Amino acid sequence: MRRSITVFPKLTDKEVSAIVETRKQYAKAFNMSVDCLVTNNSTSKRFLHKVQYERIKEECPTLPTGLIQCARDVAVEAVKAWNVKRTKLKRKHPKKAERMRRPSMKEKCTMRYDVRTVTLRGSQLTFSTCGRRVKAIISIPGFFTERYPDSEGWKLKGADIGIDRKGRVFVNLIYECPDYDTVENDGRIVGLDRGVYNIVTTSDGTHYGAKDARRVKRKYNHVRSELQEKGTRSARRRLKAISGCEKRFVHDQNHCISKKLANTDGDVSIYVLEDLSSMNMLRLRGKSNKTMRKWLSAWSYSDLEFKLIYKCRRNGIRVEFVDARYTSQKCSVCKTIDKASRKGNRYVCRHCGNSMHADVNAAINIRDNYITRIEQSGQAAVNQPYGWSATGEPATEPVGKTLTSKPSGLS
Ligand SMILES: [Zn+2]
């Protein structure tokens, strides 16, 4: 497991200009390495070193050897990732794959340092540059050293060093703990329902979601459709910029929501979510309705899951997945499945009179589905993911008493 923290060391002008020069040569070394790998169709570090090292040394005379090696390692990784991406694209759009630009680094790049080129002794940080090795006194916040102490095996793995937009030099220290194991909490199981109005609702009845998430999403949709209609060159450019803005907005929202969930005060041991693959399955079969499809395409829900899982792991909370079907149509009290019981965002059971928020009802069902699954299969199967059989039908039947109508979707 890895954690990172950013510090801003105070440096003299001379040191900053040394970093600027280092960055230039680092980018050059990276680009030369990529060119060599792509033209020779290789991803071997040893090959690259043999062929290109002397030439890089000539082109970047003052760049320390350690940093040439760092640039080389980053280049190999970048080319590997690029190859994977291109092979994927080739299957669908061969022409686009041909045009795909090879990875390149600009002069204003962020440099990756490894343990040979950056060291931290106490609060003294030193790292290589084109000129002298820079020495700076930094202070790492107490919460970080308390939470990730050396005694538990957290070691400095390297650092990313660059200059931000404000012109400050930042050092992003990367710590790694190879055998990190969190003790799992002993507490409640909480179900989470994801929806269009509230991004996440817990079975305790708490709603998580940005107040203006829908407004912002609607705004972007509107602007996008107008620009698409226009279709001029500048409109296309604007579209591209907007897609970046929207992406960052969604990422930020997902970070905020997953952080709130992971840092909950309650004694939560397991969060239960609907299974993503079954949702995709339903979408592919064209079973979901229009609103659901729109939301699925607009909200990066797999990104939310990813963030939730890693943030929860840190706090000893496990994330589990269950079958998503009928969770919004089933009554959480009497377990009767009836589509007609749901009216907008209320669930009013026609059989037992239970009335609650529809999303909370669904979240309770998700939690109960998980509990039932453990009880049915015994403790041994807790970690097994919910599986689909070869026919595409779920392996187990969902829990419920009666089925009065066929499900048409998830919401
Ligand atoms: Zn009921």
# chains A, B, ... in the order shown; residues from 1 in each chain; ligands from 1
>>> select_by_dssp(residues="segment 101-261 of chain A", states="helix (DSSP H, G or I)", output="JSON, numbers by chain")
{"A": [142, 143, 144, 145, 146, 147, 150, 151, 152, 213, 214, 215, 216, 217, 218, 219, 220, 221, 222, 223, 224, 225, 226, 227, 228, 229, 230, 233, 234, 235, 236, 237, 238, 239, 240, 241, 242, 243, 244, 245, 246, 247, 248, 249, 250, 251, 252, 253, 254, 255, 256, 257, 258, 259, 260, 261]}
>>> write_last_selection(atoms="C-alpha atoms", output="PDB file, in the first residue's frame")
ATOM      1  CA  GLY A 142       2.184  15.225  12.630  1.00  0.00           C
ATOM      2  CA  PHE A 143      -0.939  13.390  11.529  1.00  0.00           C
ATOM      3  CA  PHE A 144       0.990  11.741   8.729  1.00  0.00           C
ATOM      4  CA  THR A 145       3.928  10.453  10.762  1.00  0.00           C
ATOM      5  CA  GLU A 146       1.558   9.333  13.510  1.00  0.00           C
ATOM      6  CA  ARG A 147      -0.628   7.439  11.107  1.00  0.00           C
ATOM      7  CA  ASP A 150       8.481   3.959  10.276  1.00  0.00           C
ATOM      8  CA  SER A 151       8.096   1.384  13.021  1.00  0.00           C
ATOM      9  CA  GLU A 152       5.215  -0.215  11.116  1.00  0.00           C
ATOM     10  CA  ALA A 213     -24.612  18.091  -8.531  1.00  0.00           C
ATOM     11  CA  ARG A 214     -27.775  17.918 -10.593  1.00  0.00           C
ATOM     12  CA  ARG A 215     -27.676  21.599 -11.429  1.00  0.00           C
ATOM     13  CA  VAL A 216     -24.067  21.410 -12.610  1.00  0.00           C
ATOM     14  CA  LYS A 217     -24.727  18.244 -14.584  1.00  0.00           C
ATOM     15  CA  ARG A 218     -27.737  19.810 -16.251  1.00  0.00           C
ATOM     16  CA  LYS A 219     -25.733  22.917 -17.067  1.00  0.00           C
ATOM     17  CA  TYR A 220     -22.991  20.883 -18.737  1.00  0.00           C
ATOM     18  CA  ASN A 221     -25.543  18.831 -20.681  1.00  0.00           C
ATOM     19  CA  HIS A 222     -27.184  22.000 -21.940  1.00  0.00           C
ATOM     20  CA  VAL A 223     -23.947  23.711 -22.971  1.00  0.00           C
ATOM     21  CA  ARG A 224     -22.706  20.534 -24.607  1.00  0.00           C
ATOM     22  CA  SER A 225     -25.792  20.081 -26.752  1.00  0.00           C
ATOM     23  CA  GLU A 226     -25.626  23.714 -27.885  1.00  0.00           C
ATOM     24  CA  LEU A 227     -21.963  23.451 -28.820  1.00  0.00           C
ATOM     25  CA  GLN A 228     -22.485  20.176 -30.636  1.00  0.00           C
ATOM     26  CA  GLU A 229     -25.167  21.830 -32.713  1.00  0.00           C
ATOM     27  CA  LYS A 230     -22.836  24.659 -33.645  1.00  0.00           C
ATOM     28  CA  ARG A 233     -13.776  24.616 -34.707  1.00  0.00           C
ATOM     29  CA  SER A 234     -13.846  26.833 -31.662  1.00  0.00           C
ATOM     30  CA  ALA A 235     -16.976  25.038 -30.462  1.00  0.00           C
ATOM     31  CA  ARG A 236     -15.148  21.740 -30.652  1.00  0.00           C
ATOM     32  CA  ARG A 237     -12.261  23.220 -28.699  1.00  0.00           C
ATOM     33  CA  ARG A 238     -14.657  24.475 -26.039  1.00  0.00           C
ATOM     34  CA  LEU A 239     -16.309  21.055 -25.873  1.00  0.00           C
ATOM     35  CA  LYS A 240     -13.005  19.469 -25.076  1.00  0.00           C
ATOM     36  CA  ALA A 241     -12.323  21.977 -22.315  1.00  0.00           C
ATOM     37  CA  ILE A 242     -15.783  21.433 -20.849  1.00  0.00           C
ATOM     38  CA  SER A 243     -15.357  17.671 -20.757  1.00  0.00           C
ATOM     39  CA  GLY A 244     -12.266  18.257 -18.611  1.00  0.00           C
ATOM     40  CA  CYS A 245     -14.172  20.565 -16.253  1.00  0.00           C
ATOM     41  CA  GLU A 246     -16.988  18.095 -15.878  1.00  0.00           C
ATOM     42  CA  LYS A 247     -14.630  15.222 -15.229  1.00  0.00           C
ATOM     43  CA  ARG A 248     -12.856  17.159 -12.495  1.00  0.00           C
ATOM     44  CA  PHE A 249     -16.182  18.088 -10.918  1.00  0.00           C
ATOM     45  CA  VAL A 250     -17.304  14.456 -10.791  1.00  0.00           C
ATOM     46  CA  HIS A 251     -13.942  13.310  -9.421  1.00  0.00           C
ATOM     47  CA  ASP A 252     -14.070  15.934  -6.693  1.00  0.00           C
ATOM     48  CA  GLN A 253     -17.612  14.938  -5.752  1.00  0.00           C
ATOM     49  CA  ASN A 254     -16.634  11.283  -5.623  1.00  0.00           C
ATOM     50  CA  HIS A 255     -13.659  12.097  -3.415  1.00  0.00           C
ATOM     51  CA  CYS A 256     -15.849  14.081  -1.004  1.00  0.00           C
ATOM     52  CA  ILE A 257     -18.573  11.457  -0.756  1.00  0.00           C
ATOM     53  CA  SER A 258     -16.228   8.481  -0.380  1.00  0.00           C
ATOM     54  CA  LYS A 259     -14.206  10.351   2.232  1.00  0.00           C
ATOM     55  CA  LYS A 260     -17.312  11.125   4.264  1.00  0.00           C
ATOM     56  CA  LEU A 261     -18.385   7.496   4.095  1.00  0.00           C
TER      57      LEU A 261
END
>>> residues_around(residues="Asn41 of chain A", least_positions_apart="6", cutoff="10 Å", atoms="only C-alpha atoms", output="list in words")
Asp35, Val79 and Asn83 of chain A
>>> residues_near_ligand(ligand="ligand 1", cutoff="8 Å", atoms="only C-alpha atoms and all ligand atoms", output="list of chain:residue names")
A:Lys330, A:Cys331, A:Ser332, A:Val333, A:Cys334, A:Lys335, A:Thr336, A:Val348, A:Cys349, A:Arg350, A:His351, A:Cys352, A:Gly353, A:Asn354
>>> closest_atom_pairs(of="segment 113-159 of chain A", to="segment 61-70 of chain A", cutoff="12 Å", atoms="only C-alpha atoms", output="CSV")
residue,atom,partner,partner_atom,distance
A:Tyr113,CA,A:Cys70,CA,6.2
A:Asp114,CA,A:Cys70,CA,6.8
A:Val115,CA,A:Gly66,CA,9.6
A:Arg116,CA,A:Gly66,CA,6.7
A:Thr117,CA,A:Gly66,CA,6.0
A:Val118,CA,A:Gly66,CA,9.8
A:Phe127,CA,A:Leu67,CA,10.1
A:Ser128,CA,A:Pro64,CA,7.1
A:Thr129,CA,A:Pro64,CA,7.0
A:Cys130,CA,A:Leu63,CA,5.0
A:Gly131,CA,A:Thr62,CA,7.3
A:Arg132,CA,A:Pro64,CA,9.9
A:Arg133,CA,A:Pro64,CA,9.9
A:Gly158,CA,A:Cys70,CA,10.2
A:Ala159,CA,A:Cys70,CA,10.9
>>> select_by_dssp(residues="segment 120-274 of chain A", states="strand (DSSP E or B)", output="VMD selection string")
chain A and resid 120 to 121 124 to 127 134 to 137 155 to 163 169 to 176 188 to 194 200 to 202 207 to 208 268 to 274
>>> residues_around(residues="Leu120 of chain A", least_positions_apart="2", cutoff="12 Å", atoms="only C-alpha atoms", output="list in words")
Asp114, Val115, Arg116, Thr117, Val118, Gly122, Ser123, Gln124, Leu125, Thr126, Phe127, Val134, Lys135, Ala136, Ile137, Ile138, Ser139, Ile140, Lys155, Leu156, Lys157, Gly158, Ala159, Val171, Leu173, Ile174 and Tyr175 of chain A
>>> closest_residue(among="A:Val74, A:Asp368, A:Glu58, A:Pro103", to="Arg86 of chain A", atoms="only C-alpha atoms")
A:Pro103
>>> residues_around(residues="Asn185 of chain A", least_positions_apart="5", cutoff="10 Å", atoms="only C-alpha atoms", output="PDB file with N, CA and C atoms, in the first residue's frame")
ATOM      1  N   ASP A 267     -19.718   2.784  14.027  1.00  0.00           N
ATOM      2  CA  ASP A 267     -18.849   1.607  14.044  1.00  0.00           C
ATOM      3  C   ASP A 267     -19.201   0.699  12.869  1.00  0.00           C
ATOM      4  N   VAL A 268     -18.864   1.138  11.675  1.00  0.00           N
ATOM      5  CA  VAL A 268     -19.207   0.379  10.472  1.00  0.00           C
ATOM      6  C   VAL A 268     -18.097  -0.619  10.174  1.00  0.00           C
ATOM      7  N   SER A 269     -18.458  -1.869   9.891  1.00  0.00           N
ATOM      8  CA  SER A 269     -17.432  -2.837   9.505  1.00  0.00           C
ATOM      9  C   SER A 269     -17.515  -3.169   8.021  1.00  0.00           C
ATOM     10  N   ILE A 270     -18.716  -3.154   7.464  1.00  0.00           N
ATOM     11  CA  ILE A 270     -18.869  -3.512   6.046  1.00  0.00           C
ATOM     12  C   ILE A 270     -19.851  -2.563   5.363  1.00  0.00           C
ATOM     13  N   ASN A 315      -9.335   2.513   6.781  1.00  0.00           N
ATOM     14  CA  ASN A 315     -10.021   2.627   8.075  1.00  0.00           C
ATOM     15  C   ASN A 315     -10.597   1.304   8.561  1.00  0.00           C
ATOM     16  N   GLY A 316     -10.187   0.207   7.936  1.00  0.00           N
ATOM     17  CA  GLY A 316     -10.642  -1.103   8.384  1.00  0.00           C
ATOM     18  C   GLY A 316     -12.076  -1.434   8.028  1.00  0.00           C
ATOM     19  N   ILE A 317     -12.600  -0.791   6.979  1.00  0.00           N
ATOM     20  CA  ILE A 317     -13.968  -1.095   6.550  1.00  0.00           C
ATOM     21  C   ILE A 317     -13.893  -1.877   5.246  1.00  0.00           C
ATOM     22  N   ARG A 318     -14.681  -2.952   5.165  1.00  0.00           N
ATOM     23  CA  ARG A 318     -14.674  -3.754   3.944  1.00  0.00           C
ATOM     24  C   ARG A 318     -15.837  -3.334   3.062  1.00  0.00           C
TER      25      ARG A 318
END
>>> atom_distance(atom1="atom CA of Ala362 of chain A", atom2="atom CA of Arg325 of chain A")
10.2 Å
>>> atom_distance(atom1="atom CA of Ile309 of chain A", atom2="atom CA of Pro141 of chain A")
24.8 Å
>>> atom_distance(atom1="atom CA of Ala27 of chain A", atom2="atom CA of Leu48 of chain A")
16.1 Å
>>> closest_residue(among="A:Asn40, A:Asn172, A:Ser33, A:Thr264", to="Met105 of chain A", atoms="only C-alpha atoms")
A:Ser33
>>> closest_residue(among="A:Ser44, A:Ser203, A:Trp82, A:Arg373", to="Ala358 of chain A", atoms="only C-alpha atoms")
A:Ser203
